[in-house]
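Colleague: For reference, the structure I am asking about is given below.
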Amino acid sequence: MIKYTVPFLTKLEDLIAESDYTLRYEKGNFKSGYCLLREQKIMIVNKFYTTEGKINALLDILRTVALDTTRFTEKSRKLYEELFQTEVKA
């Protein structure tokens, strides 16, 4: 299900854009590759990561943050649900 490609990364970015969080790519020496500012609803991912690293960081963030799915399009809602079904199976 998870494809480490640029189009899949774009789908994840679109999913986050539809939520109330802001996604930013910046340089930094985050130990986990990302930083999550819950109060300001900002997700920061290391911009020097490969596509695979960015996707893994975004998946880690999505597993720890509860997003409001009422603002999602049907495609985004389906992707979000599939991501959590994959997490349960793993």
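Identifiers in this document derive from the order of the structure tokens: chains are assigned A, B, ..., residues are numbered from 1 separately in each chain, and ligands are numbered from 1 in order of occurrence.
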Residues at most 9 Å from region 75-84 of chain A, counting only C-alpha atoms, excluding those fewer than 4 positions away in the same chain, as a VMD selection string?
Modeller: chain A and resid 1 to 2 11 to 12 14 to 15 18 59 62 to 63 69 to 71 88 to 89
Colleague: Determine which residues of chain A receive a DSSP assignment of strand (DSSP E or B), computed from the backbone, and state them as a VMD selection string.
Modeller: chain A and resid 22 to 26 34 to 37 42 to 46
Colleague: Given the choices A:Val65, A:Gly33, A:Arg38, A:Phe72, which gets closest to Glu52 (chain A) if the distance is worked out from only C-alpha atoms?
Modeller: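 So, comparing all the options, the nearest one is A:Gly33.
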Colleague: With only C-alpha atoms as the atoms that count, which of A:Gly53, A:Ala66, A:Gln85, A:Thr5 lies nearest to Tyr21 (chain A)?
Modeller: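 Among the listed residues, A:Ala66 lies closest to Tyr21 (chain A).
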Colleague: Write out as a VMD selection string the residues lying within 9 Å of Leu58 (chain A), counting only C-alpha atoms and excluding same-chain residues fewer than 6 positions away.
Modeller: chain A and resid 9 12 to 13 34 43 45
Colleague: Report, in Å with one decimal, the straight-line distance from CA of Asp68 (chain A) to CA of Pro7 (chain A).
Modeller: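 Interatomic distance, CA of Asp68 (chain A) to CA of Pro7 (chain A): 23.1 Å.
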Colleague: I need the residues of chain A that end up classed as helix (DSSP H, G or I) by DSSP on the backbone, written out as a PyMOL selection string.
Modeller: chain A and resi 6-18+51-64+69-71+74-89
Colleague: Please produce an output containing C-alpha atoms for each residue in the selection, written as a short mmCIF file (atom, residue, chain, number, x, y, z; two decimals), in the first residue's frame.
Modeller:
data_model
loop_
_atom_site.label_atom_id
_atom_site.label_comp_id
_atom_site.auth_asym_id
_atom_site.auth_seq_id
_atom_site.Cartn_x
_atom_site.Cartn_y
_atom_site.Cartn_z
CA VAL A 6 6.94 11.52 -5.11
CA PRO A 7 3.21 11.19 -6.05
CA PHE A 8 2.51 9.35 -2.76
CA LEU A 9 4.42 12.06 -0.87
CA THR A 10 2.23 14.63 -2.63
CA LYS A 11 -0.90 12.76 -1.51
CA LEU A 12 0.30 12.87 2.10
CA GLU A 13 1.09 16.58 1.79
CA ASP A 14 -2.38 17.23 0.36
CA LEU A 15 -3.96 15.26 3.20
CA ILE A 16 -2.12 17.39 5.77
CA ALA A 17 -3.00 20.58 3.86
CA GLU A 18 -6.69 19.73 4.25
CA THR A 51 11.57 11.03 -0.47
CA GLU A 52 11.45 7.82 1.57
CA GLY A 53 12.61 9.64 4.70
CA LYS A 54 10.00 12.36 4.27
CA ILE A 55 7.23 9.80 3.78
CA ASN A 56 8.31 7.85 6.88
CA ALA A 57 8.45 11.05 8.94
CA LEU A 58 4.97 12.10 7.78
CA LEU A 59 3.57 8.64 8.53
CA ASP A 60 5.07 8.79 12.04
CA ILE A 61 3.47 12.19 12.58
CA LEU A 62 0.09 11.04 11.28
CA ARG A 63 0.14 8.10 13.70
CA THR A 64 0.67 10.40 16.68
CA THR A 69 -11.40 14.35 9.06
CA THR A 70 -14.56 16.42 8.53
CA ARG A 71 -12.65 18.84 6.26
CA GLU A 74 -13.46 11.77 -0.08
CA LYS A 75 -10.08 10.76 -1.56
CA SER A 76 -8.16 12.10 1.42
CA ARG A 77 -10.52 10.46 3.91
CA LYS A 78 -10.09 7.12 2.14
CA LEU A 79 -6.28 7.45 2.17
CA TYR A 80 -6.31 8.41 5.86
CA GLU A 81 -8.43 5.37 6.73
CA GLU A 82 -6.18 3.08 4.66
CA LEU A 83 -3.11 4.36 6.48
CA PHE A 84 -4.62 3.42 9.82
CA GLN A 85 -5.78 0.01 8.57
CA THR A 86 -2.21 -0.66 7.45
CA GLU A 87 -0.94 0.42 10.88
CA VAL A 88 -3.23 -2.04 12.66
CA LYS A 89 -2.16 -4.91 10.40
#
Colleague: Between CA of Glu39 (chain A) and CA of Glu26 (chain A), measure the distance and give it in Å to one decimal.
Modeller: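 Computed distance, CA of Glu39 (chain A) to CA of Glu26 (chain A), equals 18.7 Å.
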Colleague: Which value, in Å to one decimal, gives the distance between CA of Ile42 (chain A) and CA of Thr73 (chain A)?
Modeller: 20.8 Å
